[in-house]
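For reference, upload17.txt is printed below; it contains compact mmCIF, C-alpha atoms.
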```
# COMPACT_ATOMS: atom_id res chain seq x y z
CA TRP A 1 91.33 112.50 103.21
CA ALA A 2 88.21 112.23 105.37
CA GLY A 3 90.02 110.79 108.40
CA HIS A 4 90.52 113.88 110.52
CA ASP A 5 88.84 115.21 113.62
CA VAL A 6 89.31 117.26 116.78
CA GLY A 7 88.58 115.85 120.23
CA THR A 8 88.38 117.51 123.63
CA ILE A 9 90.21 116.11 126.66
CA ASP A 10 88.51 116.85 129.98
CA GLY A 11 91.11 117.17 132.75
CA SER A 12 88.63 116.14 135.43
CA LYS A 13 88.21 112.72 133.78
CA LEU A 14 91.92 111.92 133.52
CA GLY A 15 92.51 111.32 137.22
CA LEU A 16 94.49 114.52 137.66
CA ASP A 17 92.67 115.24 140.89
CA ASN A 18 94.42 112.21 142.41
CA ILE A 19 97.89 113.64 141.80
CA PRO A 20 99.61 114.69 145.05
CA GLY A 21 99.34 118.44 145.24
CA ALA A 22 96.31 118.79 143.04
CA GLY A 23 94.09 119.08 146.07
CA GLY A 24 96.18 121.84 147.58
CA LEU A 25 99.24 120.87 149.61
CA GLY A 26 99.75 124.34 150.96
CA ASP A 27 102.36 126.87 150.08
CA LYS A 28 105.38 125.22 151.65
CA LEU A 29 107.44 122.20 150.65
CA PRO A 30 109.48 120.15 153.12
CA GLY A 31 113.19 120.92 153.36
CA GLY A 32 112.86 124.67 153.49
CA LEU A 33 112.13 125.13 149.80
CA GLY A 34 109.99 128.13 150.57
CA ASP A 35 106.83 128.79 148.60
CA ILE A 36 108.00 127.18 145.34
CA GLY A 37 105.65 124.33 146.14
CA GLY A 38 102.77 126.73 145.99
CA LEU A 39 103.25 127.07 142.27
CA LEU A 40 103.00 123.42 141.26
CA PRO A 41 99.95 122.43 143.31
CA GLY A 42 98.08 125.47 142.06
CA LYS A 43 98.98 124.80 138.43
CA ILE A 44 98.13 121.13 138.67
CA GLY A 45 94.88 121.96 140.37
CA ASP A 46 94.02 124.29 137.49
CA LEU A 47 94.56 121.46 135.04
CA VAL A 48 91.84 119.42 136.72
CA ASP A 49 89.27 121.86 135.36
CA ALA A 50 91.08 122.47 132.09
CA LYS A 51 89.94 121.21 128.72
CA ALA A 52 92.30 120.75 125.80
CA SER A 53 91.54 120.17 122.15
CA VAL A 54 93.56 117.55 120.34
CA GLY A 55 93.34 117.13 116.59
CA PHE A 56 94.45 114.30 114.35
CA THR A 57 94.75 113.85 110.62
CA VAL A 58 95.64 111.00 108.31
CA ASN A 59 98.60 111.05 105.94
CA THR A 60 96.80 110.35 102.66
CA GLY A 61 99.88 109.40 100.64
CA GLN A 62 101.20 106.88 103.14
CA SER A 63 97.69 105.50 103.63
CA LEU A 64 97.30 104.89 99.90
CA ALA A 65 100.74 103.27 99.62
CA GLY A 66 100.16 101.09 102.68
CA GLY A 67 96.70 100.10 101.49
CA ALA A 68 98.08 99.14 98.07
CA CYS A 69 100.73 96.92 99.68
CA TRP A 70 98.13 95.20 101.82
CA VAL A 71 95.86 94.59 98.82
CA LEU A 72 98.73 93.10 96.82
CA GLY A 73 99.72 90.87 99.73
CA VAL A 74 96.19 89.61 100.28
CA MET A 75 95.74 89.00 96.55
CA ALA A 76 98.99 87.00 96.40
CA ILE A 77 97.87 84.77 99.28
CA ALA A 78 94.42 84.39 97.73
CA LEU A 79 95.97 83.42 94.41
CA LEU A 80 98.10 80.75 96.09
CA ALA A 81 95.13 79.42 98.07
CA SER A 82 92.58 79.39 95.26
CA ARG A 83 92.28 76.00 93.59
CA ARG A 84 90.02 77.16 90.77
CA THR A 85 91.65 80.39 89.61
CA PRO A 86 93.45 79.75 86.30
CA LEU A 87 97.20 80.26 86.13
CA PRO A 88 99.57 80.63 83.18
CA ALA A 89 100.75 77.34 81.73
CA ARG A 90 104.28 77.88 83.06
CA TRP A 91 102.87 78.03 86.60
CA GLY A 92 101.45 74.54 86.52
CA ALA A 93 103.87 73.39 89.24
CA VAL A 94 102.47 76.01 91.62
CA HIS A 95 98.97 74.67 91.07
CA ARG A 96 100.06 71.08 91.77
CA THR A 97 102.47 71.63 94.66
CA VAL A 98 101.59 74.83 96.53
CA ARG A 99 97.86 75.26 96.17
CA PRO A 100 96.66 72.07 97.94
CA ALA A 101 98.55 72.82 101.14
CA ALA A 102 98.04 76.60 100.98
CA SER A 103 94.29 76.30 100.42
CA ALA A 104 94.00 73.83 103.30
CA LEU A 105 95.86 76.07 105.73
CA VAL A 106 94.00 79.23 104.72
CA ALA A 107 90.69 77.38 105.10
CA VAL A 108 91.38 76.33 108.69
CA LEU A 109 92.68 79.80 109.62
CA LEU A 110 89.45 81.35 108.36
CA VAL A 111 87.41 78.73 110.22
CA ALA A 112 89.33 79.67 113.37
CA VAL A 113 88.38 83.33 112.90
CA ALA A 114 84.75 82.30 112.41
CA ALA A 115 84.97 80.35 115.66
CA GLY A 116 86.34 83.44 117.39
CA LEU A 117 83.42 85.52 116.11
CA ALA A 118 81.01 82.81 117.28
CA ALA A 119 82.61 82.89 120.73
CA ALA A 120 82.17 86.67 120.81
CA ALA A 121 78.51 86.30 119.85
CA TYR A 122 78.05 83.81 122.69
CA ALA A 123 79.79 86.18 125.12
CA MET A 124 77.39 88.97 124.13
CA ILE A 125 74.44 86.99 125.50
CA GLY A 126 73.59 88.34 128.91
CA ASP A 127 76.52 90.77 129.02
CA ASP A 128 75.94 94.28 130.28
CA HIS A 129 77.82 95.82 127.33
CA PRO A 130 77.18 93.67 124.24
CA LYS A 131 78.07 96.50 121.86
CA ARG A 132 81.58 96.68 123.30
CA ILE A 133 82.09 92.96 122.71
CA ALA A 134 80.78 93.28 119.16
CA GLY A 135 83.11 96.19 118.46
CA ALA A 136 86.11 94.40 119.91
CA ALA A 137 85.29 91.31 117.84
CA LEU A 138 85.02 93.31 114.63
CA VAL A 139 88.32 95.06 115.25
CA GLY A 140 90.35 92.30 116.86
CA ALA A 141 88.92 88.86 116.07
CA PRO A 142 91.56 87.89 113.47
CA ASN A 143 94.40 89.30 115.57
CA GLY A 144 93.12 87.66 118.73
CA VAL A 145 92.59 84.27 117.13
CA TRP A 146 95.87 84.39 115.22
CA LEU A 147 97.66 85.31 118.44
CA GLY A 148 96.15 82.22 120.06
CA ILE A 149 97.15 79.83 117.26
CA PRO A 150 100.94 80.32 117.63
CA LEU A 151 100.55 80.15 121.41
CA GLY A 152 98.67 76.88 121.06
CA LEU A 153 101.46 75.55 118.83
CA PHE A 154 103.97 76.41 121.62
CA VAL A 155 105.52 79.50 120.01
CA PRO A 156 106.98 81.63 122.87
CA TRP A 157 106.26 85.35 123.07
CA ASP A 158 108.14 88.18 124.76
CA GLY A 159 106.14 91.03 126.22
CA ARG A 160 105.36 93.56 128.89
CA ALA A 161 102.25 95.40 130.05
CA THR A 162 102.00 98.45 132.30
CA GLY A 163 99.08 100.61 133.27
CA ALA A 164 95.59 100.45 131.85
CA LEU A 165 96.68 99.18 128.42
CA GLY A 166 97.42 95.77 129.92
CA LYS A 167 93.66 95.22 130.13
CA LEU A 168 93.53 95.03 126.34
CA LEU A 169 95.30 91.65 126.36
CA PRO A 170 93.24 88.47 126.68
CA HIS A 171 93.17 86.64 129.99
CA PRO A 172 95.44 85.19 131.40
CA ILE A 173 98.19 86.89 129.33
CA ASP A 174 97.39 90.20 131.02
CA ASP A 175 97.89 88.71 134.49
CA LEU A 176 101.12 86.98 133.49
CA LEU A 177 102.73 90.13 132.10
CA LYS A 178 101.79 92.10 135.19
CA VAL A 179 103.62 89.57 137.38
CA SER A 180 106.81 89.05 135.34
CA THR A 181 108.27 90.30 132.07
CA ASP A 182 111.72 88.71 132.19
CA GLN A 183 110.49 85.32 130.99
CA PRO A 184 108.70 84.54 127.72
CA VAL A 185 104.97 83.96 127.57
CA THR A 186 104.43 80.25 126.98
CA LEU A 187 101.50 77.88 127.18
CA GLY A 188 102.98 76.19 130.24
CA ARG A 189 103.33 79.45 132.19
CA LEU A 190 99.82 80.54 131.22
CA SER A 191 98.39 77.21 132.39
CA GLU A 192 99.74 77.94 135.87
CA LEU A 193 97.28 80.83 136.05
CA ASP A 194 94.41 79.09 134.27
CA GLY A 195 94.41 75.36 133.58
CA ARG A 196 91.87 75.77 130.78
CA VAL A 197 94.63 77.21 128.60
CA TRP A 198 95.61 73.66 127.63
CA LEU A 199 92.34 73.48 125.68
CA LEU A 200 94.00 75.94 123.29
CA ALA A 201 96.72 73.39 122.53
CA VAL A 202 94.10 70.72 121.89
CA ALA A 203 92.13 73.04 119.60
CA THR A 204 95.16 74.07 117.55
CA ALA A 205 96.34 70.45 117.24
CA VAL A 206 92.91 69.46 115.90
CA MET A 207 93.04 72.46 113.57
CA MET A 208 96.40 71.35 112.17
CA LEU A 209 95.13 67.78 111.76
CA TYR A 210 92.15 69.17 109.86
CA ALA A 211 94.56 71.09 107.62
CA GLY A 212 96.48 67.85 107.01
CA VAL A 213 93.32 66.02 106.01
CA LEU A 214 92.32 68.78 103.59
CA ALA A 215 95.81 68.97 102.10
CA ALA A 216 95.94 65.21 101.57
CA ALA A 217 92.49 65.16 99.99
CA ARG A 218 93.51 67.90 97.55
CA THR A 219 96.99 66.60 96.68
CA PRO A 220 97.21 64.37 93.57
CA THR A 221 98.66 60.93 94.34
CA GLY A 222 100.71 60.77 91.15
CA GLY A 223 100.99 56.99 91.37
CA LEU A 224 103.04 57.11 94.59
CA SER A 225 102.95 54.48 97.29
CA ALA A 226 101.18 55.24 100.56
CA LEU A 227 104.46 56.08 102.25
CA GLY A 228 105.63 58.26 99.36
CA PHE A 229 102.31 60.08 99.25
CA ALA A 230 102.45 60.73 103.00
CA GLY A 231 105.95 62.13 102.59
CA ARG A 232 104.80 64.41 99.79
CA CYS A 233 101.94 65.76 101.92
CA ALA A 234 104.22 66.20 104.93
CA LEU A 235 106.83 68.11 102.91
CA ARG A 236 104.39 70.47 101.24
CA LEU A 237 102.27 71.28 104.28
CA GLY A 238 105.42 71.62 106.38
CA VAL A 239 106.89 74.21 104.03
CA VAL A 240 103.62 76.16 103.79
CA THR A 241 103.05 76.14 107.56
CA GLY A 242 106.68 77.04 108.13
CA ALA A 243 106.11 80.19 106.05
CA ALA A 244 102.63 80.96 107.42
CA LEU A 245 103.27 80.69 111.17
CA PRO A 246 106.02 83.37 111.29
CA LEU A 247 103.76 85.55 109.13
CA LEU A 248 100.95 85.18 111.68
CA VAL A 249 103.35 85.99 114.52
CA TRP A 250 104.61 89.08 112.70
CA LEU A 251 101.10 90.29 111.85
CA THR A 252 99.86 89.94 115.43
CA ASP A 253 102.73 91.81 117.09
CA ILE A 254 101.39 94.36 119.58
CA SER A 255 103.11 97.60 120.53
CA ALA A 256 101.37 100.62 122.04
CA ASN A 257 102.25 103.35 124.52
CA ALA A 258 100.26 106.18 126.08
CA SER A 259 101.31 108.79 128.59
CA LEU A 260 100.36 112.15 130.04
CA SER A 261 102.94 114.70 131.17
CA VAL A 262 101.86 117.58 133.40
CA ILE A 263 104.30 120.52 133.56
CA GLY A 264 107.16 118.19 132.78
CA PHE A 265 106.11 115.54 135.31
CA ASP A 266 104.71 112.17 134.22
CA ALA A 267 101.14 112.04 135.51
CA PHE A 268 100.59 108.49 134.32
CA GLY A 269 101.81 106.16 131.63
CA ALA A 270 100.80 102.85 130.10
CA GLY A 271 102.41 100.53 127.62
CA ILE A 272 101.95 97.15 126.05
CA GLU A 273 104.30 95.07 123.91
CA LEU A 274 103.98 91.49 122.74
CA HIS A 275 106.36 90.05 120.16
CA GLY A 276 106.54 86.42 119.09
CA GLN A 277 109.84 84.67 118.44
CA LEU A 278 109.99 84.33 114.65
CA GLY A 279 112.76 81.72 114.64
CA MET A 280 110.81 79.36 116.87
CA ALA A 281 107.67 80.04 114.83
CA LEU A 282 109.51 78.94 111.69
CA LEU A 283 110.84 75.72 113.26
CA LEU A 284 107.56 74.84 114.94
CA GLY A 285 105.63 75.61 111.76
CA LEU A 286 107.81 73.19 109.80
CA ALA A 287 107.38 70.50 112.47
CA TRP A 288 103.63 70.89 112.96
CA GLY A 289 102.96 71.11 109.22
CA ALA A 290 105.06 68.05 108.45
CA GLY A 291 103.42 66.05 111.24
CA ALA A 292 99.88 67.03 110.25
CA GLY A 293 100.59 66.50 106.55
CA GLY A 294 102.06 63.06 107.18
```
Will you turn the file into structure tokens for me?
Amino acid sequence: WAGHDVGTIDGSKLGLDNIPGAGGLGDKLPGGLGDIGGLLPGKIGDLVDAKASVGFTVNTGQSLAGGACWVLGVMAIALLASRRTPLPARWGAVHRTVRPAASALVAVLLVAVAAGLAAAAYAMIGDDHPKRIAGAALVGAPNGVWLGIPLGLFVPWDGRATGALGKLLPHPIDDLLKVSTDQPVTLGRLSELDGRVWLLAVATAVMMLYAGVLAAARTPTGGLSALGFAGRCALRLGVVTGAALPLLVWLTDISANASLSVIGFDAFGAGIELHGQLGMALLLGLAWGAGAGG
């Protein structure tokens, strides 16, 4: 209800003065088109000094419905990951089988977000614009970290980036998408631009091993042999990770487009898309979870 405002767009700050014709090309166009060309340059030139008001509002009903769905989803995950929240007696199997692995995986994912926030705090030191880094971290730390985790676990992504929006992607993904969009974004291709990317694979492997240790420590042995207990941990963490990794990929999908049309002509445009391959995320989640659990 409160999310509405009106903003003013200043034509002189949009780069319109760099459009051919905005500076005055004369009254004639090549090819004997007469003085038709005198119309467009003059109109475009006028737009350089123009100011337009753009308003936006929020659809309250859809916002409430969407917010309710998010709350229910978060509560369901929290209920699965909480080891101390009581459950009905008929749900005892969920407490024994799902909660140890789910709580372990949620714990390491939250630790990863905390590490991302710590990295942002370190980057703020000595930077010319620390407030921008803080704002970006508040808005995008979970998405940025949870984009890196599937990448580190070798999940391929498909994407493209054009115009200024490509700068929103972390390095070196932005450079890779500017060069080629016909091949998926993988850890191997990113390492060709920056060899330090392999540290991401090491970090995510350690993270998964940490999740395996936590899951094993929280799983009851039930009188099984060492091999049987390892198999139990591998199965449960594999299933949980197989469900969680596609969810992370789906949540961190990126799609945005922006453009400006002047008198029917595209003045500039920008777009960004990044979509992970859900099928590979499922298979890799099962494999990584089973390996770490075992």
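Every protein, DNA or RNA residue with an atom at most 10 Å from Ala256 of chain A, where all atoms listed in the file count and chain neighbours fewer than 5 positions away do not, is listed here: Ala161, Leu165, Ala270, Gly271, Ile272, Glu273 and Leu274 of chain A.
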Name the residues in contact with Ala121 of chain A at a cut-off of 10 Å, using only C-alpha atoms, excluding same-chain residues fewer than 3 positions from it; report them as number ranges by chain. A: 115-118, 124-125, 130, 133-134, 137
Distance in Å - atom CA of Ala203 of chain A versus atom CA of Val106 of chain A: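 These two atoms are separated by 16.2 Å.
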From the options A:Leu87, A:Ala68, A:Ile173, A:Ala76, which residue's atoms come nearest to Leu187 of chain A, counting all atoms listed in the file? A:Ile173
Distance atom CA of Arg96 of chain A-atom CA of Ala281 of chain A, one decimal place?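 Computing it gives 25.9 Å between the two atoms.
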Rounded to one decimal place, report the atom CA of Leu190 of chain A-atom CA of Gly276 of chain A distance in Å. 15.1 Å
Give as a ChimeraX atom specification the set of residues within 12 Å of the point (102.9, 91.6, 135.8), where distances use the file's coordinates and all atoms listed in the file. /A:159-163,166-167,172-183,185,272
Could you pull the residues within 10 Å of Met280 of chain A, counting all atoms listed in the file, minus those fewer than 5 positions along the same chain, as a PyMOL selection string? chain A and resi 150+154-157+242+245-246+285-286
Using all atoms listed in the file, which residue out of A:Ser191, A:Asn143, A:Thr221, A:Thr186 lies closest to Thr252 of chain A? A:Asn143
For each of A:Leu199, A:Ala2, A:Val139, A:Leu110, take the minimum atom-to-atom distance to Leu151 of chain A, counting all atoms listed in the file, then give the residue where this is smallest.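 The answer is A:Leu199, which sits nearest to Leu151 of chain A.
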Would you mind putting back N, CA, C and O atoms on segment 209-235 of chain A, then writing it out as a compact mmCIF listing (two decimals), keeping the file's coordinate frame?
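Once written, out.txt looks like this:
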```txt
# COMPACT_ATOMS: atom_id res chain seq x y z
N LEU A 209 95.50 69.08 112.32
CA LEU A 209 95.13 67.78 111.76
C LEU A 209 94.08 67.95 110.66
O LEU A 209 94.14 67.27 109.62
N TYR A 210 93.15 68.86 110.87
CA TYR A 210 92.15 69.17 109.86
C TYR A 210 92.83 69.72 108.60
O TYR A 210 92.45 69.35 107.47
N ALA A 211 93.82 70.57 108.78
CA ALA A 211 94.56 71.09 107.62
C ALA A 211 95.27 69.95 106.90
O ALA A 211 95.33 69.92 105.66
N GLY A 212 95.83 68.99 107.64
CA GLY A 212 96.48 67.85 107.01
C GLY A 212 95.52 67.01 106.20
O GLY A 212 95.85 66.54 105.10
N VAL A 213 94.33 66.81 106.73
CA VAL A 213 93.32 66.02 106.01
C VAL A 213 92.93 66.73 104.71
O VAL A 213 92.84 66.11 103.63
N LEU A 214 92.69 68.04 104.80
CA LEU A 214 92.32 68.78 103.59
C LEU A 214 93.45 68.77 102.57
O LEU A 214 93.21 68.58 101.36
N ALA A 215 94.68 68.97 103.03
CA ALA A 215 95.81 68.97 102.10
C ALA A 215 95.97 67.63 101.41
O ALA A 215 96.24 67.55 100.20
N ALA A 216 95.81 66.54 102.17
CA ALA A 216 95.94 65.21 101.57
C ALA A 216 94.83 64.94 100.57
O ALA A 216 95.05 64.32 99.51
N ALA A 217 93.61 65.40 100.90
CA ALA A 217 92.49 65.16 99.99
C ALA A 217 92.64 65.95 98.69
O ALA A 217 92.12 65.53 97.65
N ARG A 218 93.37 67.06 98.73
CA ARG A 218 93.51 67.90 97.55
C ARG A 218 94.81 67.68 96.79
O ARG A 218 95.02 68.29 95.75
N THR A 219 95.70 66.85 97.32
CA THR A 219 96.99 66.60 96.68
C THR A 219 96.87 65.39 95.75
O THR A 219 96.43 64.32 96.17
N PRO A 220 97.25 65.52 94.48
CA PRO A 220 97.21 64.37 93.57
C PRO A 220 98.21 63.29 94.00
O PRO A 220 99.33 63.60 94.41
N THR A 221 97.79 62.03 93.90
CA THR A 221 98.66 60.93 94.34
C THR A 221 99.84 60.72 93.40
O THR A 221 100.94 60.37 93.83
N GLY A 222 99.61 60.91 92.11
CA GLY A 222 100.71 60.77 91.15
C GLY A 222 101.30 59.37 91.10
O GLY A 222 102.48 59.20 90.75
N GLY A 223 100.50 58.36 91.45
CA GLY A 223 100.99 56.99 91.37
C GLY A 223 101.98 56.61 92.46
O GLY A 223 102.65 55.57 92.35
N LEU A 224 102.10 57.41 93.51
CA LEU A 224 103.04 57.11 94.59
C LEU A 224 102.48 56.05 95.52
O LEU A 224 101.27 55.84 95.60
N SER A 225 103.37 55.40 96.24
CA SER A 225 102.95 54.48 97.29
C SER A 225 102.37 55.28 98.46
O SER A 225 102.48 56.50 98.52
N ALA A 226 101.77 54.57 99.41
CA ALA A 226 101.18 55.24 100.56
C ALA A 226 102.23 56.02 101.34
O ALA A 226 102.01 57.16 101.76
N LEU A 227 103.40 55.41 101.51
CA LEU A 227 104.46 56.08 102.25
C LEU A 227 104.99 57.29 101.48
O LEU A 227 105.22 58.36 102.05
N GLY A 228 105.17 57.14 100.17
CA GLY A 228 105.63 58.26 99.36
C GLY A 228 104.63 59.40 99.32
O GLY A 228 105.01 60.57 99.37
N PHE A 229 103.34 59.04 99.27
CA PHE A 229 102.31 60.08 99.25
C PHE A 229 102.27 60.82 100.58
O PHE A 229 102.13 62.05 100.63
N ALA A 230 102.42 60.08 101.69
CA ALA A 230 102.45 60.73 103.00
C ALA A 230 103.65 61.68 103.11
O ALA A 230 103.54 62.77 103.66
N GLY A 231 104.78 61.25 102.57
CA GLY A 231 105.95 62.13 102.59
C GLY A 231 105.75 63.38 101.77
O GLY A 231 106.18 64.48 102.16
N ARG A 232 105.08 63.24 100.62
CA ARG A 232 104.80 64.41 99.79
C ARG A 232 103.91 65.40 100.53
O ARG A 232 104.17 66.61 100.56
N CYS A 233 102.84 64.88 101.18
CA CYS A 233 101.94 65.76 101.92
C CYS A 233 102.66 66.43 103.10
O CYS A 233 102.45 67.61 103.38
N ALA A 234 103.49 65.66 103.79
CA ALA A 234 104.22 66.20 104.93
C ALA A 234 105.17 67.32 104.49
O ALA A 234 105.26 68.38 105.14
N LEU A 235 105.88 67.11 103.39
CA LEU A 235 106.83 68.11 102.91
C LEU A 235 106.12 69.39 102.51
O LEU A 235 106.53 70.50 102.91
```
